[in-house]
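Structure first, then comments.
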Amino acid sequence: SRQAQLMDVLKKEVRAMLIAAKEGLTPEQLEEQYMAMVCKPLPLRDLGFQSTLELVTQMPEVVRICSKNGTLILKAIADDSTKGIAKLVANQKVKTRKVSKKIAAKANATFPTKNSKIPQSCQTLSAGTPVLPATVKAELQDLLSSSPLLLTDLGKAFLRRFGRAFQYRQYGFLSMFEVLRSMGDSIVIEQTKAGSLLVLRKYLARTIEQEEVPQASAAEMPPLEPICETECFYQAAHLMDSEPVQTQAVDLGDNFKQVMHDETSECHLPLIPLQHQGSEQFLSTPEIPPDAVQDRRLCSLPPLRRRSLVGVTVEFVVSPSQFYIRICSTEASNKLRDLMFEMRHVYSHKVASDKYIMPESAMRPGQLCCVMVSKWWYRVIIHRVISDQEVEVFCADYGRLQIVQKSSLRFLKWHYLKLPAQAIPCSLAWVKPVEGTWSSAAVLLFKHLCRFKELVGIVDEYVDGVLYLFLCDTSTKQDVYFHSVLRDMGYADVCGANIPSQEFEELNPSALYVQPSGMQGNAEVVEPDLRLQQESQDADSEIATLKLDGAEL
């Protein structure tokens with residue numbers, strides 16, 4: 001019957017989710033993870049159940065119900081096909097490992113040929129701690145940008161500001177202190193009589209600087225002059241030659257400023273508020289702003305060198321043959337975070353937002369623009385027009401297609417073009433689905449393997465603009481290669497060659513809308529400036545030979 005078939009599929013999905021959670025899940029967490037992975041709630045009503053707890057009690061061969069400190073915890077009961085995965089999860093370390101300083105040496109490692117092997121465990125590889133998504137990092141920094149917060153008040157403040165609880169465990173962290181430690185480059189913890197105080201590092205540096213500079217009296221204050229900054233956002237003053245030299249941005253802090261551009265310096269000029277300069281005429285001007293992007297495209301990141309090892313996070317998954325990654329490096333993360341802060345700062349003010357409203361004539365496929373989703377602004381490209389109110393857009397920095405309201409779109413400003421599109425289209429190297437297409441269970445397992453982790457990517461090659469790479473999780477006692485897991489679970493065949501992704505052949509938005517870095521074409525690829533590929537003093541002392549655990553390729 002349909003219910004029996006649905007129950008069989010649900011048992012596999014629930015077992016996969018619980019196996020991936022070493023400490024188990026509460027019924028509420030199971031509901032959240034199912035929604036996040038499958039994009040729909042648990043089918044309780046379809047199966048005749050009133051609650052999640054009632055559902056799992058009917059799965060005695062799948063779920064073991066335990067109690068811990070008065071809280072119900074659901075744990076998986078592995079079957080013959082999942083015992084291997086359960087063992088790997090059980091061996092997962094509680095404490096995360098530090099990034100190996102010698103990982104750069106592996107970039108010169110002997111790479112597997114079609115006749116070589118890759119070991120299941122390559123003990124010298126090492127990725128970082130769990131990683132907060134860029135949007136969550138930006139939210140924490142935005143929360144602390146107005147004033148420092150006591151650690152005890154952080155949860156309530158986050159809930160008030162963003163309308164949801166800050167559930168750090170779903171990102172792989174065991175405590176709030178681990179989260180703060182991972183953001184040590186931007187958040188400082190100060191001990192006070194009231195408790196641990198969280199302070200933005202930039203705010204702290206600015207406070208110290210103000211304390212060191214003697215304050216002049218009002219009579220000694222110099223006349224108002226341009227306040228020059230040493231570095232504007234991504235050197236916004238040095239734009240492309242064809243960019244019109246006009247007003248470049250609107251700084252929308254508490255004291256309203258118009259940011260002007262000068263050929264010889266980068267200055268913020270405090271001016272009289274715009275409403276005293278004829279803002280009614282400014283708002284009613286129908287012309288498109290001269291610094292609005294109309295016929296330009298974002299560039300992609302420089303190609304990664306074959307055999308190189310890079311830290312990556314998987315941002316969006318369709319299947320093991322179609323997913324998007326983002327490179328993990330301090331520089332790249334900071335640039336993307338700063339870009340999102342800058343765009344939110346500019347577009348969230350009504351004057352600037354109204355100025356960059358897109359007319360209907362600009363709502364066409366291929367148009368680069370930006371969109372607001374959950375209070376944050378993203379760089380997107382219009383993929384297709386759905387209706388009079390909606391369009392489907394491709395997010396160039398995160399790799400997903402999404403339907404949004406036309407009213408939420410705005411022209412992208414010129415100086416937001418400089419940062420390359422951060423999402424890289426990828427396929428898992430050397431694998432193909434056993435049944436011709438990837439099963440839902442295989443996709444679900446792959447999503448669980450990738451979720452909220454910094455992984456090591458081993459670059460194989462590019463095929464038609466798609467990066468084929470191996471993925472390895474080094475946060476366990478034994479390094480876990482994803483292609484081996486899919487093979488061992490019976491979802492994939494390891495074929496020793498890269499078969500062009502059918503999914504990307506049908507649709508690859510990056511190929512359609514993002515131009516190659518520097519328009520290089522088939523030119524020699526460039527080694528990116530990444531933290532995980534920096535030279536190490538002992539680079540010559542270690543060589544990793546990558547092999548597949550006993551399987552010929």
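Residues are referred to by chain and number: the chain letter is A, B, ... according to the order shown in the structure tokens, the number counts from 1 in that chain, and ligands are numbered separately from 1 in the order shown.
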If you count only C-alpha atoms, which residues fall within 9 Å of Phe411 (chain A), apart from same-chain ones fewer than 2 positions away, as an mmCIF file with N, CA, C and O atoms, in the first residue's frame?
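Below you can see selection_29.cif, which holds the result:
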```cif
data_model
loop_
_atom_site.group_PDB
_atom_site.id
_atom_site.type_symbol
_atom_site.label_atom_id
_atom_site.label_comp_id
_atom_site.auth_asym_id
_atom_site.auth_seq_id
_atom_site.Cartn_x
_atom_site.Cartn_y
_atom_site.Cartn_z
ATOM 1 N N ILE A 288 17.798 55.585 -14.296
ATOM 2 C CA ILE A 288 18.580 54.559 -13.601
ATOM 3 C C ILE A 288 19.858 55.194 -13.074
ATOM 4 O O ILE A 288 20.534 55.930 -13.796
ATOM 5 N N PRO A 289 20.236 54.958 -11.807
ATOM 6 C CA PRO A 289 21.458 55.556 -11.258
ATOM 7 C C PRO A 289 22.673 55.197 -12.110
ATOM 8 O O PRO A 289 22.783 54.067 -12.605
ATOM 9 N N ALA A 292 24.629 52.002 -11.273
ATOM 10 C CA ALA A 292 23.894 50.732 -11.246
ATOM 11 C C ALA A 292 24.411 49.807 -12.347
ATOM 12 O O ALA A 292 24.619 50.227 -13.481
ATOM 13 N N VAL A 293 24.631 48.548 -11.996
ATOM 14 C CA VAL A 293 25.111 47.559 -12.965
ATOM 15 C C VAL A 293 23.962 47.185 -13.900
ATOM 16 O O VAL A 293 22.869 46.830 -13.442
ATOM 17 N N GLN A 294 24.207 47.253 -15.223
ATOM 18 C CA GLN A 294 23.168 46.904 -16.182
ATOM 19 C C GLN A 294 23.586 45.785 -17.138
ATOM 20 O O GLN A 294 22.803 44.891 -17.420
ATOM 21 N N LYS A 355 16.180 54.432 -4.564
ATOM 22 C CA LYS A 355 16.993 54.892 -5.692
ATOM 23 C C LYS A 355 17.328 53.754 -6.650
ATOM 24 O O LYS A 355 17.409 53.952 -7.870
ATOM 25 N N TYR A 356 17.518 52.532 -6.113
ATOM 26 C CA TYR A 356 17.971 51.413 -6.932
ATOM 27 C C TYR A 356 16.854 50.425 -7.276
ATOM 28 O O TYR A 356 17.132 49.297 -7.676
ATOM 29 N N ILE A 357 15.596 50.853 -7.117
ATOM 30 C CA ILE A 357 14.480 50.002 -7.533
ATOM 31 C C ILE A 357 14.593 49.714 -9.033
ATOM 32 O O ILE A 357 14.894 50.597 -9.836
ATOM 33 N N MET A 358 14.352 48.459 -9.402
ATOM 34 C CA MET A 358 14.477 48.057 -10.797
ATOM 35 C C MET A 358 13.148 48.201 -11.533
ATOM 36 O O MET A 358 12.126 47.687 -11.057
ATOM 37 N N LEU A 368 22.150 41.022 -13.619
ATOM 38 C CA LEU A 368 22.802 40.950 -12.309
ATOM 39 C C LEU A 368 22.188 42.005 -11.399
ATOM 40 O O LEU A 368 22.057 43.173 -11.789
ATOM 41 N N CYS A 369 21.808 41.621 -10.199
ATOM 42 C CA CYS A 369 21.173 42.555 -9.269
ATOM 43 C C CYS A 369 21.380 42.035 -7.848
ATOM 44 O O CYS A 369 22.265 41.208 -7.610
ATOM 45 N N CYS A 370 20.592 42.501 -6.912
ATOM 46 C CA CYS A 370 20.670 41.976 -5.554
ATOM 47 C C CYS A 370 19.260 41.860 -4.995
ATOM 48 O O CYS A 370 18.324 42.517 -5.470
ATOM 49 N N VAL A 371 19.098 41.021 -3.976
ATOM 50 C CA VAL A 371 17.777 40.763 -3.416
ATOM 51 C C VAL A 371 17.900 40.643 -1.902
ATOM 52 O O VAL A 371 18.918 40.184 -1.379
ATOM 53 N N LEU A 409 13.872 43.090 -5.433
ATOM 54 C CA LEU A 409 15.091 43.223 -6.228
ATOM 55 C C LEU A 409 15.542 44.679 -6.296
ATOM 56 O O LEU A 409 14.724 45.591 -6.323
ATOM 57 N N LYS A 413 25.136 47.882 -7.132
ATOM 58 C CA LYS A 413 26.074 48.990 -7.322
ATOM 59 C C LYS A 413 27.381 48.484 -7.929
ATOM 60 O O LYS A 413 27.783 47.348 -7.708
#
```
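For the atom pair formed by CA of Ala76 (chain A) and CA of Ala165 (chain A), the distance is 26.3 Å, given to one decimal.
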Checklist line | Surrounding residues of Pro148 (chain A) excluding itself and chain neighbours under 3 positions, 12 Å, only C-alpha atoms, as a PyMOL selection string | finding: chain A and resi 140-145+151-154+157+187-190+192+196-204+207
Next item on the list: Assign secondary structure with DSSP using the backbone only, and return the residues of region 245-491 of chain A in alpha helix (DSSP H) as a PyMOL selection string.
Entry: chain A and resi 279-284+330-347+350-355+440-450+482-488
Check: Residues at most 7 Å from region 393-403 of chain A, counting only C-alpha atoms, excluding those fewer than 3 positions away in the same chain, as a ChimeraX atom specification?
Finding: /A:315-316,324,378-383,390,421-423,509
Resulting file, chosen residues, N, CA and C atoms, as an mmCIF file, in the first residue's frame:
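Done, and the output landed in again_31.cif:
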```
data_model
loop_
_atom_site.group_PDB
_atom_site.id
_atom_site.type_symbol
_atom_site.label_atom_id
_atom_site.label_comp_id
_atom_site.auth_asym_id
_atom_site.auth_seq_id
_atom_site.Cartn_x
_atom_site.Cartn_y
_atom_site.Cartn_z
ATOM 1 N N GLU A 315 27.842 24.422 0.227
ATOM 2 C CA GLU A 315 26.778 25.392 0.482
ATOM 3 C C GLU A 315 25.408 24.913 0.028
ATOM 4 N N PHE A 316 25.343 24.161 -1.064
ATOM 5 C CA PHE A 316 24.040 23.753 -1.599
ATOM 6 C C PHE A 316 24.206 22.435 -2.340
ATOM 7 N N TYR A 324 27.396 22.828 -4.814
ATOM 8 C CA TYR A 324 28.209 24.043 -4.846
ATOM 9 C C TYR A 324 29.025 24.148 -3.566
ATOM 10 N N TYR A 378 21.764 39.710 -1.035
ATOM 11 C CA TYR A 378 22.601 38.756 -1.754
ATOM 12 C C TYR A 378 22.738 39.192 -3.215
ATOM 13 N N ARG A 379 23.897 38.912 -3.786
ATOM 14 C CA ARG A 379 24.094 39.145 -5.221
ATOM 15 C C ARG A 379 23.455 37.993 -5.991
ATOM 16 N N VAL A 380 22.572 38.328 -6.918
ATOM 17 C CA VAL A 380 21.854 37.294 -7.665
ATOM 18 C C VAL A 380 21.776 37.666 -9.140
ATOM 19 N N ILE A 381 21.473 36.664 -9.965
ATOM 20 C CA ILE A 381 21.240 36.870 -11.396
ATOM 21 C C ILE A 381 19.835 36.336 -11.706
ATOM 22 N N ILE A 382 19.056 37.127 -12.400
ATOM 23 C CA ILE A 382 17.709 36.677 -12.767
ATOM 24 C C ILE A 382 17.828 35.518 -13.755
ATOM 25 N N HIS A 383 17.197 34.389 -13.410
ATOM 26 C CA HIS A 383 17.236 33.210 -14.273
ATOM 27 C C HIS A 383 16.016 33.154 -15.191
ATOM 28 N N GLU A 390 6.804 37.559 -9.562
ATOM 29 C CA GLU A 390 7.917 36.725 -9.109
ATOM 30 C C GLU A 390 8.927 36.440 -10.216
ATOM 31 N N ALA A 421 32.325 35.752 -7.908
ATOM 32 C CA ALA A 421 31.277 34.855 -7.416
ATOM 33 C C ALA A 421 31.932 33.754 -6.586
ATOM 34 N N GLN A 422 31.444 33.532 -5.369
ATOM 35 C CA GLN A 422 32.119 32.630 -4.432
ATOM 36 C C GLN A 422 31.691 31.170 -4.573
ATOM 37 N N ALA A 423 30.534 30.912 -5.151
ATOM 38 C CA ALA A 423 30.060 29.529 -5.285
ATOM 39 C C ALA A 423 30.726 28.850 -6.483
ATOM 40 N N PRO A 509 23.714 27.242 -13.996
ATOM 41 C CA PRO A 509 23.591 28.701 -13.955
ATOM 42 C C PRO A 509 24.934 29.429 -13.934
#
```
Check: Any idea what the distance is between CA of Arg164 (chain A) and CA of Ala352 (chain A)?
Finding: 28.1 Å
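The nearest approach to Leu180 (chain A) among the residues A:Phe341, A:Tyr416, A:Tyr168, A:Tyr468, with only C-alpha atoms taken into account, belongs to A:Tyr168.
In terms of minimum interatomic distance to His415 (chain A), A:Asp291 ranks closest within A:Glu435, A:Asp488, A:Asp338, A:Asp291, counting only C-alpha atoms.
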Next item on the list: Pick out the residues sitting within 8 Å of Tyr513 (chain A), and hand them over as a list in words; count only C-alpha atoms, and ignore anything fewer than 5 positions along from it in its own chain.
Entry: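 Once the nearby chain positions are removed, what remains is Arg297, Leu298, Gly366 and Ile381 of chain A.
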Got time to write the residues from that selection, C-alpha atoms, as a short mmCIF file (atom, residue, chain, number, x, y, z; two decimals), in the first residue's frame?
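As a result, again.cif now contains:
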```cif
data_model
loop_
_atom_site.label_atom_id
_atom_site.label_comp_id
_atom_site.auth_asym_id
_atom_site.auth_seq_id
_atom_site.Cartn_x
_atom_site.Cartn_y
_atom_site.Cartn_z
CA ARG A 297 28.69 39.93 -15.25
CA LEU A 298 30.48 38.65 -12.18
CA GLY A 366 20.83 37.37 -17.10
CA ILE A 381 21.24 36.87 -11.40
#
```
Residues near region 43-48 of chain A, anyone? I mean within 12 Å using only C-alpha atoms, not counting same-chain ones fewer than 6 positions away, as a PDB file with N, CA, C and O atoms, in the first residue's frame.
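out_11.pdb, freshly written:
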```
ATOM      1  N   SER A   1       0.839  -1.197   0.000  1.00  0.00           N
ATOM      2  CA  SER A   1       0.000   0.000   0.000  1.00  0.00           C
ATOM      3  C   SER A   1       0.871   1.242   0.000  1.00  0.00           C
ATOM      4  O   SER A   1       2.071   1.177   0.281  1.00  0.00           O
ATOM      5  N   ARG A   2       0.249   2.406  -0.287  1.00  0.00           N
ATOM      6  CA  ARG A   2       1.002   3.655  -0.325  1.00  0.00           C
ATOM      7  C   ARG A   2       1.575   3.993   1.058  1.00  0.00           C
ATOM      8  O   ARG A   2       2.720   4.465   1.173  1.00  0.00           O
ATOM      9  N   GLN A   3       0.790   3.737   2.117  1.00  0.00           N
ATOM     10  CA  GLN A   3       1.273   4.028   3.465  1.00  0.00           C
ATOM     11  C   GLN A   3       2.482   3.167   3.825  1.00  0.00           C
ATOM     12  O   GLN A   3       3.436   3.643   4.447  1.00  0.00           O
ATOM     13  N   ALA A   4       2.436   1.888   3.435  1.00  0.00           N
ATOM     14  CA  ALA A   4       3.549   0.987   3.730  1.00  0.00           C
ATOM     15  C   ALA A   4       4.822   1.436   3.001  1.00  0.00           C
ATOM     16  O   ALA A   4       5.922   1.413   3.575  1.00  0.00           O
ATOM     17  N   GLN A   5       4.662   1.842   1.743  1.00  0.00           N
ATOM     18  CA  GLN A   5       5.817   2.329   0.986  1.00  0.00           C
ATOM     19  C   GLN A   5       6.378   3.598   1.605  1.00  0.00           C
ATOM     20  O   GLN A   5       7.593   3.761   1.737  1.00  0.00           O
ATOM     21  N   LEU A   6       5.479   4.515   1.998  1.00  0.00           N
ATOM     22  CA  LEU A   6       5.910   5.756   2.631  1.00  0.00           C
ATOM     23  C   LEU A   6       6.640   5.478   3.938  1.00  0.00           C
ATOM     24  O   LEU A   6       7.664   6.099   4.248  1.00  0.00           O
ATOM     25  N   MET A   7       6.131   4.513   4.705  1.00  0.00           N
ATOM     26  CA  MET A   7       6.758   4.162   5.981  1.00  0.00           C
ATOM     27  C   MET A   7       8.144   3.564   5.762  1.00  0.00           C
ATOM     28  O   MET A   7       9.086   3.867   6.509  1.00  0.00           O
ATOM     29  N   ASP A   8       8.314   2.745   4.753  1.00  0.00           N
ATOM     30  CA  ASP A   8       9.621   2.148   4.460  1.00  0.00           C
ATOM     31  C   ASP A   8      10.646   3.224   4.109  1.00  0.00           C
ATOM     32  O   ASP A   8      11.790   3.194   4.594  1.00  0.00           O
ATOM     33  N   VAL A   9      10.245   4.162   3.259  1.00  0.00           N
ATOM     34  CA  VAL A   9      11.148   5.258   2.892  1.00  0.00           C
ATOM     35  C   VAL A   9      11.484   6.115   4.104  1.00  0.00           C
ATOM     36  O   VAL A   9      12.639   6.490   4.329  1.00  0.00           O
ATOM     37  N   LEU A  10      10.462   6.411   4.928  1.00  0.00           N
ATOM     38  CA  LEU A  10      10.665   7.245   6.109  1.00  0.00           C
ATOM     39  C   LEU A  10      11.616   6.585   7.102  1.00  0.00           C
ATOM     40  O   LEU A  10      12.448   7.249   7.732  1.00  0.00           O
ATOM     41  N   LYS A  11      11.518   5.260   7.245  1.00  0.00           N
ATOM     42  CA  LYS A  11      12.422   4.555   8.160  1.00  0.00           C
ATOM     43  C   LYS A  11      13.877   4.726   7.734  1.00  0.00           C
ATOM     44  O   LYS A  11      14.765   4.954   8.561  1.00  0.00           O
ATOM     45  N   VAL A  14      14.892   8.402   8.506  1.00  0.00           N
ATOM     46  CA  VAL A  14      15.057   8.635   9.941  1.00  0.00           C
ATOM     47  C   VAL A  14      16.326   7.961  10.443  1.00  0.00           C
ATOM     48  O   VAL A  14      17.087   8.538  11.233  1.00  0.00           O
ATOM     49  N   GLU A  31      12.423  16.620  13.942  1.00  0.00           N
ATOM     50  CA  GLU A  31      11.488  17.338  13.078  1.00  0.00           C
ATOM     51  C   GLU A  31      12.200  18.436  12.297  1.00  0.00           C
ATOM     52  O   GLU A  31      11.993  18.610  11.088  1.00  0.00           O
ATOM     53  N   TYR A  34      14.592  16.933   9.633  1.00  0.00           N
ATOM     54  CA  TYR A  34      13.844  16.366   8.509  1.00  0.00           C
ATOM     55  C   TYR A  34      13.366  17.491   7.591  1.00  0.00           C
ATOM     56  O   TYR A  34      13.462  17.394   6.362  1.00  0.00           O
ATOM     57  N   MET A  35      12.867  18.561   8.180  1.00  0.00           N
ATOM     58  CA  MET A  35      12.422  19.703   7.385  1.00  0.00           C
ATOM     59  C   MET A  35      13.576  20.314   6.618  1.00  0.00           C
ATOM     60  O   MET A  35      13.458  20.668   5.432  1.00  0.00           O
ATOM     61  N   GLU A  54       4.931   9.356  18.809  1.00  0.00           N
ATOM     62  CA  GLU A  54       4.063   8.239  18.448  1.00  0.00           C
ATOM     63  C   GLU A  54       4.577   7.544  17.193  1.00  0.00           C
ATOM     64  O   GLU A  54       4.511   6.301  17.082  1.00  0.00           O
ATOM     65  N   LEU A  55       5.125   8.320  16.265  1.00  0.00           N
ATOM     66  CA  LEU A  55       5.682   7.749  15.034  1.00  0.00           C
ATOM     67  C   LEU A  55       6.871   6.841  15.326  1.00  0.00           C
ATOM     68  O   LEU A  55       6.926   5.697  14.859  1.00  0.00           O
ATOM     69  N   VAL A  56       7.841   7.342  16.108  1.00  0.00           N
ATOM     70  CA  VAL A  56       9.066   6.572  16.319  1.00  0.00           C
ATOM     71  C   VAL A  56       8.831   5.337  17.176  1.00  0.00           C
ATOM     72  O   VAL A  56       9.593   4.366  17.104  1.00  0.00           O
ATOM     73  N   GLN A  58       6.631   3.337  16.664  1.00  0.00           N
ATOM     74  CA  GLN A  58       6.252   2.307  15.705  1.00  0.00           C
ATOM     75  C   GLN A  58       7.426   1.900  14.821  1.00  0.00           C
ATOM     76  O   GLN A  58       7.242   1.214  13.822  1.00  0.00           O
TER      77      GLN A  58
END
```
Please provide as a compact mmCIF listing (two decimals) with N, CA and C atoms, in the first residue's frame all residues within 9 Å of Gln389 (chain A), with the sequence filter that same-chain residues fewer than 2 positions apart are discarded (counting only C-alpha atoms).
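The new file around-v4.txt reads:
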```txt
# COMPACT_ATOMS: atom_id res chain seq x y z
N VAL A 385 11.65 34.74 -15.52
CA VAL A 385 10.50 35.46 -14.98
C VAL A 385 9.36 34.47 -14.78
N ILE A 386 8.88 34.37 -13.55
CA ILE A 386 7.83 33.40 -13.22
C ILE A 386 6.45 33.98 -13.49
N SER A 387 6.22 35.21 -13.03
CA SER A 387 4.91 35.84 -13.18
C SER A 387 5.09 37.35 -13.11
N VAL A 391 10.17 36.27 -9.80
CA VAL A 391 11.24 35.82 -10.69
C VAL A 391 12.05 34.75 -9.97
N VAL A 404 11.81 34.68 -5.86
CA VAL A 404 11.68 35.85 -5.00
C VAL A 404 10.68 36.82 -5.63
N GLN A 405 10.24 37.76 -4.83
CA GLN A 405 9.34 38.80 -5.31
C GLN A 405 10.12 39.84 -6.12
N LYS A 406 9.55 40.30 -7.21
CA LYS A 406 10.19 41.36 -7.99
C LYS A 406 10.43 42.61 -7.16
N SER A 407 9.52 42.87 -6.25
CA SER A 407 9.62 44.08 -5.44
C SER A 407 10.83 44.08 -4.50
```
Check: In Å to one decimal, how far is CA of Arg337 (chain A) from CA of Ser321 (chain A)?
Finding: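 It comes out at 28.1 Å.
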Notebook entry, point to check: Hey, which of A:Val485, A:Met59, A:Ala21, A:Leu149 ends up closest to Ser81 (chain A)? Count only C-alpha atoms.
Noted result: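 Of A:Val485, A:Met59, A:Ala21, A:Leu149, the one nearest Ser81 (chain A) is A:Val485, counting only C-alpha atoms.
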